[in-house]
Amino acid sequence: MKPSLFDYVAPRSVDEAVGLLKEDSGAMILAGGQSLIPAMNMRLASPSRLIDIQNIPGLSHITIGNGKIAVGAMARHREVELHDGVAAANPVLRAALGHVAHIPIRNRGTVVGSLCHADAAAEMPMILVLTGGSVQVAGSDGGREIAAQDFFQFHMTTSRQPDEMVVEAHFPALPPGAGFAFEEFTRRHGDYAIAAAGCILTRNGAGAVATVALAACGVSSKPLRLAAAEQILAGSRLTAADIKAAGDAACAAVTAPGDMHATAGYRKHLFATLVRRAVERAAARAQ
Amino acid sequence: MARGKIKPKLPQSSDDPRVSVKLTVNGEEVTREVSVRMLLSDFLRHELGLTGTHVGCEHGICGACTIVMDGKAARSCLTFAVQASGREIRTIESLADPDGTLHPLQQAFQDCHGLQCGYCTPGMIMNILSHLESDTEIDLSDAGVREILAGNLCRCTGYQNIISAVRRAADHMAPKAGQE
């Protein structure tokens, strides 16, 4: 339960960090370390070099403006969770953060680190997909913005190139009057989701659905938007039949095989229920 | 060295590099030259002899190694010593007075029978302490206290008496209690 040998370097700028990444394909970025260090302790990860970014100035910001929340690469989960501006602009982000491990882990772990780790059952990647957010990367050929849908490729795999570093995540603010919900089921508080569903929904003057976004984690090899269920709900008056149909359609997205926590059949059943609850709760909150 | 012959494939540059760390532990400044892969939990125990910080799972599940870093609870097994350089650490050894008088939180654990084997207790106490000392108001309902304790496993007590201890300590430590 001790990490294997590695080199350690603590650069003072993003450019320096990117240069170090380019130099060594086995290098990894160390931010909060709350996913990486356990993986290293168990020797599931053996980076040749850790690039500790905690001393790089200008990466700990949480700023709200231009209709989005920008979260710097060193901003800790707990700082984002307790940020009043975040809760006002995008309450679903705070709701999901309450499910990320435990407070001592959230005190150290970073939101961007969780996105880069890209566990298919993790909350933050799902919220980035649900809100239609993006990440900003810095690379040796300059920077680029990667949309959430393109960023997450597979369990623990993103489209970040080896010589690129994610410097900021962008979570769009919720539309005015939008209702939201985050519904997760775990065996114990703080565990990764067996299944979770998120919903953002706006209603028109007649009470029908104007816009809806639904996303999932824990049910597939990456966080997903639930397009089929979204289509069923578009324009719906949210009858029990429509909500049930959305839940049923969503469970077709469940491709995770059975594991020690849940059989495939149980996970589908559970997920359909979570989707229905998320839609009902978001609808009740929508103005 | 013989070691190089045993592990010929290891890159030379990765031969356990060392780094100087300087941090404040329980109010005292300490400087040590340590391996970059030394965990903070091992640094506290092996380098400083502060064995009150316990090591359980070493992957962030059990919470036995919880310490307070810059006023916030953190897992010392999920932090490299080098990451703690320049920071202020508090461990369980900082709580009781030199004459042995227990801290109100420790006293509350004793009074409420909040421990049996005691292995999880230092981590429990440091985690709870960070909440009792923070500016944020604590939710002392069952659900609120259980959320605070959620990251610390205890295999003996069933938690009920630990929850009582949190409430008792919060009563004792709140300077403005009864004045609202």
# chains A, B, ... in the order shown; residues from 1 in each chain; ligands from 1
$ select_by_dssp --residues "stretch 17-250 of chain A" --states "alpha helix (DSSP H)" --output "MDAnalysis selection string"
chainID A and resid 17:23 36:41 77:81 84:89 91:97 103:108 111:117 123:131 148:151 227:233 240:250
$ closest_atom_pairs --of "chain A" --to "chain B" --cutoff "7 Å" --atoms "only C-alpha atoms" --output "Markdown table"
| residue | atom | partner | partner_atom | distance |
| --- | --- | --- | --- | --- |
| A:Met1 | CA | B:Glu58 | CA | 6.4 |
| A:Pro3 | CA | B:Arg37 | CA | 6.5 |
| A:Leu5 | CA | B:Asp16 | CA | 5.8 |
| A:Phe6 | CA | B:Ser14 | CA | 5.4 |
| A:Asp7 | CA | B:Ser14 | CA | 5.5 |
| A:Tyr8 | CA | B:Val36 | CA | 6.5 |
| A:Gly33 | CA | B:Leu78 | CA | 6.7 |
| A:Gln34 | CA | B:Leu78 | CA | 6.1 |
| A:Ile37 | CA | B:Leu78 | CA | 5.6 |
| A:Pro38 | CA | B:His59 | CA | 4.5 |
| A:Asn41 | CA | B:His59 | CA | 6.7 |
| A:His102 | CA | B:Gly151 | CA | 5.2 |
| A:Pro104 | CA | B:Ala74 | CA | 4.7 |
| A:Ile105 | CA | B:Ala74 | CA | 6.5 |
| A:Asn107 | CA | B:Ala74 | CA | 6.6 |
| A:Arg108 | CA | B:Ala74 | CA | 6.7 |
| A:His189 | CA | B:Ala150 | CA | 6.9 |
$ write_last_selection --atoms "C-alpha atoms" --output "PDB file, in the first residue's frame"
ATOM      1  CA  MET A   1       0.000   0.000   0.000  1.00  0.00           C
ATOM      2  CA  PRO A   3       3.303   4.037  -4.209  1.00  0.00           C
ATOM      3  CA  LEU A   5       8.999   5.011  -7.401  1.00  0.00           C
ATOM      4  CA  PHE A   6       8.373   8.247  -9.235  1.00  0.00           C
ATOM      5  CA  ASP A   7      10.004  11.572  -9.896  1.00  0.00           C
ATOM      6  CA  TYR A   8       8.404  14.679  -8.511  1.00  0.00           C
ATOM      7  CA  GLY A  33      -4.622  13.591  -5.438  1.00  0.00           C
ATOM      8  CA  GLN A  34      -7.786  12.089  -3.962  1.00  0.00           C
ATOM      9  CA  ILE A  37      -2.952   8.763  -4.662  1.00  0.00           C
ATOM     10  CA  PRO A  38      -5.227   5.841  -3.686  1.00  0.00           C
ATOM     11  CA  ASN A  41      -1.065   3.357  -3.106  1.00  0.00           C
ATOM     12  CA  HIS A 102     -16.837  12.669   2.131  1.00  0.00           C
ATOM     13  CA  PRO A 104     -12.301  15.425   4.191  1.00  0.00           C
ATOM     14  CA  ILE A 105     -11.892  14.089   0.625  1.00  0.00           C
ATOM     15  CA  ASN A 107     -11.495  19.402   1.170  1.00  0.00           C
ATOM     16  CA  ARG A 108      -8.547  18.128  -0.904  1.00  0.00           C
ATOM     17  CA  HIS A 189     -23.142   7.651   1.516  1.00  0.00           C
TER      18      HIS A 189
END
$ select_by_dssp --residues "stretch 46-259 of chain A" --states "strand (DSSP E)" --output "PyMOL selection string"
chain A and resi 49-52+62-65+68-72+134-139+142-147+152-154+157-158+164-172+179-185+195-203+209-217+224-225
$ write_last_selection --atoms "C-alpha atoms" --output "tab-separated table (two decimals), in the first residue's frame"
chain	number	residue	atom	x	y	z
A	49	ARG	CA	6.71	11.46	-12.75
A	50	LEU	CA	4.21	13.54	-10.82
A	51	ILE	CA	3.73	17.13	-11.87
A	52	ASP	CA	2.35	18.84	-8.77
A	62	ILE	CA	-14.14	29.99	-9.03
A	63	THR	CA	-15.62	32.79	-11.14
A	64	ILE	CA	-19.14	33.39	-12.31
A	65	GLY	CA	-19.90	35.45	-15.38
A	68	LYS	CA	-21.15	30.16	-16.75
A	69	ILE	CA	-19.16	29.06	-13.75
A	70	ALA	CA	-15.43	28.77	-14.42
A	71	VAL	CA	-13.62	26.41	-12.04
A	72	GLY	CA	-9.82	26.46	-12.00
A	134	SER	CA	-16.68	22.12	-21.43
A	135	VAL	CA	-13.06	22.05	-20.34
A	136	GLN	CA	-10.28	24.41	-21.35
A	137	VAL	CA	-6.94	22.72	-21.97
A	138	ALA	CA	-3.46	24.12	-22.41
A	139	GLY	CA	-1.13	22.19	-24.68
A	142	GLY	CA	-1.68	26.21	-27.62
A	143	GLY	CA	-5.05	25.90	-25.97
A	144	ARG	CA	-8.42	24.50	-26.98
A	145	GLU	CA	-11.86	24.08	-25.52
A	146	ILE	CA	-13.34	20.58	-25.47
A	147	ALA	CA	-17.11	20.10	-25.08
A	152	PHE	CA	-15.40	11.77	-22.02
A	153	GLN	CA	-14.50	8.78	-24.18
A	154	PHE	CA	-14.60	5.76	-21.92
A	157	THR	CA	-10.36	7.89	-20.64
A	158	THR	CA	-10.73	11.41	-22.01
A	164	GLU	CA	-2.27	18.71	-22.61
A	165	MET	CA	-3.37	19.90	-19.19
A	166	VAL	CA	-6.92	20.86	-18.26
A	167	VAL	CA	-6.70	24.33	-16.71
A	168	GLU	CA	-10.37	25.16	-16.22
A	169	ALA	CA	-13.86	23.65	-16.39
A	170	HIS	CA	-16.89	25.60	-17.54
A	171	PHE	CA	-20.31	24.77	-16.14
A	172	PRO	CA	-23.09	26.80	-17.81
A	179	GLY	CA	-35.97	23.13	-12.28
A	180	PHE	CA	-33.21	20.67	-11.48
A	181	ALA	CA	-32.67	17.37	-9.72
A	182	PHE	CA	-29.83	15.00	-8.98
A	183	GLU	CA	-30.85	11.50	-7.88
A	184	GLU	CA	-28.22	8.97	-6.91
A	185	PHE	CA	-28.31	5.53	-5.34
A	195	ALA	CA	-26.71	4.60	-10.80
A	196	ALA	CA	-27.50	8.32	-10.84
A	197	ALA	CA	-29.67	10.57	-12.95
A	198	GLY	CA	-29.63	14.34	-13.36
A	199	CYS	CA	-32.32	16.52	-14.87
A	200	ILE	CA	-32.63	20.18	-15.86
A	201	LEU	CA	-36.01	21.23	-17.12
A	202	THR	CA	-37.84	24.43	-18.07
A	203	ARG	CA	-41.59	24.79	-18.62
A	209	VAL	CA	-41.78	21.11	-21.07
A	210	ALA	CA	-39.91	23.80	-22.99
A	211	THR	CA	-36.37	22.40	-22.64
A	212	VAL	CA	-35.07	19.30	-20.93
A	213	ALA	CA	-31.67	17.76	-20.33
A	214	LEU	CA	-31.21	14.33	-18.77
A	215	ALA	CA	-27.90	12.66	-17.98
A	216	ALA	CA	-26.64	9.55	-16.23
A	217	CYS	CA	-23.58	8.10	-14.54
A	224	LEU	CA	-24.25	9.95	-20.90
A	225	ARG	CA	-26.95	12.31	-22.13
$ closest_residue --among "A:Leu93, A:Pro176, A:Gly67, A:Asp163" --to "A:Glu23" --atoms "only C-alpha atoms"
A:Asp163
$ closest_residue --among "B:Arg167, B:Arg90, B:Arg155, B:Arg32" --to "B:Gly118" --atoms "only C-alpha atoms"
B:Arg155
$ atom_distance --atom1 "atom CA of A:Val112" --atom2 "atom CA of A:Val80"
11.0 Å
$ closest_residue --among "B:Met124, B:Ala64, B:Val55, B:Ile89" --to "B:Gly27" --atoms "only C-alpha atoms"
B:Ile89
$ atom_distance --atom1 "atom CA of B:Leu95" --atom2 "atom CA of B:Tyr119"
16.7 Å
$ closest_residue --among "B:Leu140, B:Asp111, B:Ser41, B:Ala84" --to "A:Gly32" --atoms "only C-alpha atoms"
B:Ala84
$ residues_around --residues "A:Ala249" --least-positions-apart "5" --cutoff "12 Å" --atoms "only C-alpha atoms" --output "PyMOL selection string"
chain A and resi 214+226-233+242-244+254+268-269+271-273+275-276
$ atom_distance --atom1 "atom CA of A:Thr239" --atom2 "atom CA of A:Ala206"
13.7 Å
$ decode --residues "stretch 65-134 of chain B" --atoms "C-alpha atoms" --output "PDB file, in the first residue's frame"
ATOM      1  CA  CYS B  65      -5.509   8.850   9.417  1.00  0.00           C
ATOM      2  CA  THR B  66      -7.556  12.081   9.303  1.00  0.00           C
ATOM      3  CA  ILE B  67      -5.600  15.152  10.386  1.00  0.00           C
ATOM      4  CA  VAL B  68      -6.325  18.874  10.168  1.00  0.00           C
ATOM      5  CA  MET B  69      -4.447  20.726   7.431  1.00  0.00           C
ATOM      6  CA  ASP B  70      -4.774  24.515   7.305  1.00  0.00           C
ATOM      7  CA  GLY B  71      -7.945  24.225   9.409  1.00  0.00           C
ATOM      8  CA  LYS B  72      -9.593  21.563   7.266  1.00  0.00           C
ATOM      9  CA  ALA B  73      -9.863  17.826   7.792  1.00  0.00           C
ATOM     10  CA  ALA B  74      -7.808  15.791   5.337  1.00  0.00           C
ATOM     11  CA  ARG B  75      -6.681  12.217   4.810  1.00  0.00           C
ATOM     12  CA  SER B  76      -2.975  12.036   5.627  1.00  0.00           C
ATOM     13  CA  CYS B  77      -2.737   8.735   3.684  1.00  0.00           C
ATOM     14  CA  LEU B  78      -3.964  10.517   0.527  1.00  0.00           C
ATOM     15  CA  THR B  79      -1.447  13.332   0.797  1.00  0.00           C
ATOM     16  CA  PHE B  80       2.253  13.150   0.077  1.00  0.00           C
ATOM     17  CA  ALA B  81       4.446  14.785   2.704  1.00  0.00           C
ATOM     18  CA  VAL B  82       5.820  17.044  -0.029  1.00  0.00           C
ATOM     19  CA  GLN B  83       2.301  18.332  -0.729  1.00  0.00           C
ATOM     20  CA  ALA B  84       2.067  19.441   2.901  1.00  0.00           C
ATOM     21  CA  SER B  85       5.211  21.549   2.631  1.00  0.00           C
ATOM     22  CA  GLY B  86       4.498  25.093   3.796  1.00  0.00           C
ATOM     23  CA  ARG B  87       1.235  24.072   5.438  1.00  0.00           C
ATOM     24  CA  GLU B  88       0.027  23.863   8.991  1.00  0.00           C
ATOM     25  CA  ILE B  89      -0.833  20.409  10.312  1.00  0.00           C
ATOM     26  CA  ARG B  90      -2.584  19.468  13.518  1.00  0.00           C
ATOM     27  CA  THR B  91      -2.697  15.942  14.868  1.00  0.00           C
ATOM     28  CA  ILE B  92      -4.401  14.318  17.842  1.00  0.00           C
ATOM     29  CA  GLU B  93      -1.268  14.985  19.951  1.00  0.00           C
ATOM     30  CA  SER B  94      -2.089  18.709  19.946  1.00  0.00           C
ATOM     31  CA  LEU B  95      -5.371  18.360  21.789  1.00  0.00           C
ATOM     32  CA  ALA B  96      -4.799  17.471  25.439  1.00  0.00           C
ATOM     33  CA  ASP B  97      -3.026  19.929  27.736  1.00  0.00           C
ATOM     34  CA  PRO B  98       0.560  19.077  28.733  1.00  0.00           C
ATOM     35  CA  ASP B  99      -0.729  18.132  32.196  1.00  0.00           C
ATOM     36  CA  GLY B 100      -2.988  15.510  30.651  1.00  0.00           C
ATOM     37  CA  THR B 101      -6.239  17.445  30.874  1.00  0.00           C
ATOM     38  CA  LEU B 102      -8.335  16.258  27.966  1.00  0.00           C
ATOM     39  CA  HIS B 103      -9.703  18.549  25.283  1.00  0.00           C
ATOM     40  CA  PRO B 104     -13.507  18.979  25.641  1.00  0.00           C
ATOM     41  CA  LEU B 105     -14.017  16.795  22.567  1.00  0.00           C
ATOM     42  CA  GLN B 106     -11.839  14.028  23.977  1.00  0.00           C
ATOM     43  CA  GLN B 107     -13.638  14.362  27.320  1.00  0.00           C
ATOM     44  CA  ALA B 108     -16.994  14.095  25.533  1.00  0.00           C
ATOM     45  CA  PHE B 109     -15.857  10.867  23.843  1.00  0.00           C
ATOM     46  CA  GLN B 110     -14.893   9.471  27.246  1.00  0.00           C
ATOM     47  CA  ASP B 111     -18.080  10.642  28.957  1.00  0.00           C
ATOM     48  CA  CYS B 112     -20.369   9.300  26.229  1.00  0.00           C
ATOM     49  CA  HIS B 113     -18.453   6.031  25.722  1.00  0.00           C
ATOM     50  CA  GLY B 114     -17.737   7.138  22.165  1.00  0.00           C
ATOM     51  CA  LEU B 115     -14.888   4.665  21.770  1.00  0.00           C
ATOM     52  CA  GLN B 116     -14.130   1.033  22.443  1.00  0.00           C
ATOM     53  CA  CYS B 117     -10.907  -0.168  20.842  1.00  0.00           C
ATOM     54  CA  GLY B 118      -9.968   3.425  20.038  1.00  0.00           C
ATOM     55  CA  TYR B 119      -8.329   2.767  16.688  1.00  0.00           C
ATOM     56  CA  CYS B 120     -10.637   5.093  14.741  1.00  0.00           C
ATOM     57  CA  THR B 121     -10.794   7.720  17.502  1.00  0.00           C
ATOM     58  CA  PRO B 122      -7.932  10.051  16.493  1.00  0.00           C
ATOM     59  CA  GLY B 123      -9.306  10.331  12.964  1.00  0.00           C
ATOM     60  CA  MET B 124     -12.847  10.801  14.262  1.00  0.00           C
ATOM     61  CA  ILE B 125     -11.732  13.521  16.660  1.00  0.00           C
ATOM     62  CA  MET B 126      -9.639  15.462  14.153  1.00  0.00           C
ATOM     63  CA  ASN B 127     -12.466  15.375  11.618  1.00  0.00           C
ATOM     64  CA  ILE B 128     -15.099  16.490  14.159  1.00  0.00           C
ATOM     65  CA  LEU B 129     -12.726  19.140  15.549  1.00  0.00           C
ATOM     66  CA  SER B 130     -12.377  20.756  12.121  1.00  0.00           C
ATOM     67  CA  HIS B 131     -16.158  21.186  12.049  1.00  0.00           C
ATOM     68  CA  LEU B 132     -16.479  22.401  15.651  1.00  0.00           C
ATOM     69  CA  GLU B 133     -13.770  24.999  15.047  1.00  0.00           C
ATOM     70  CA  SER B 134     -14.976  26.185  11.654  1.00  0.00           C
TER      71      SER B 134
END
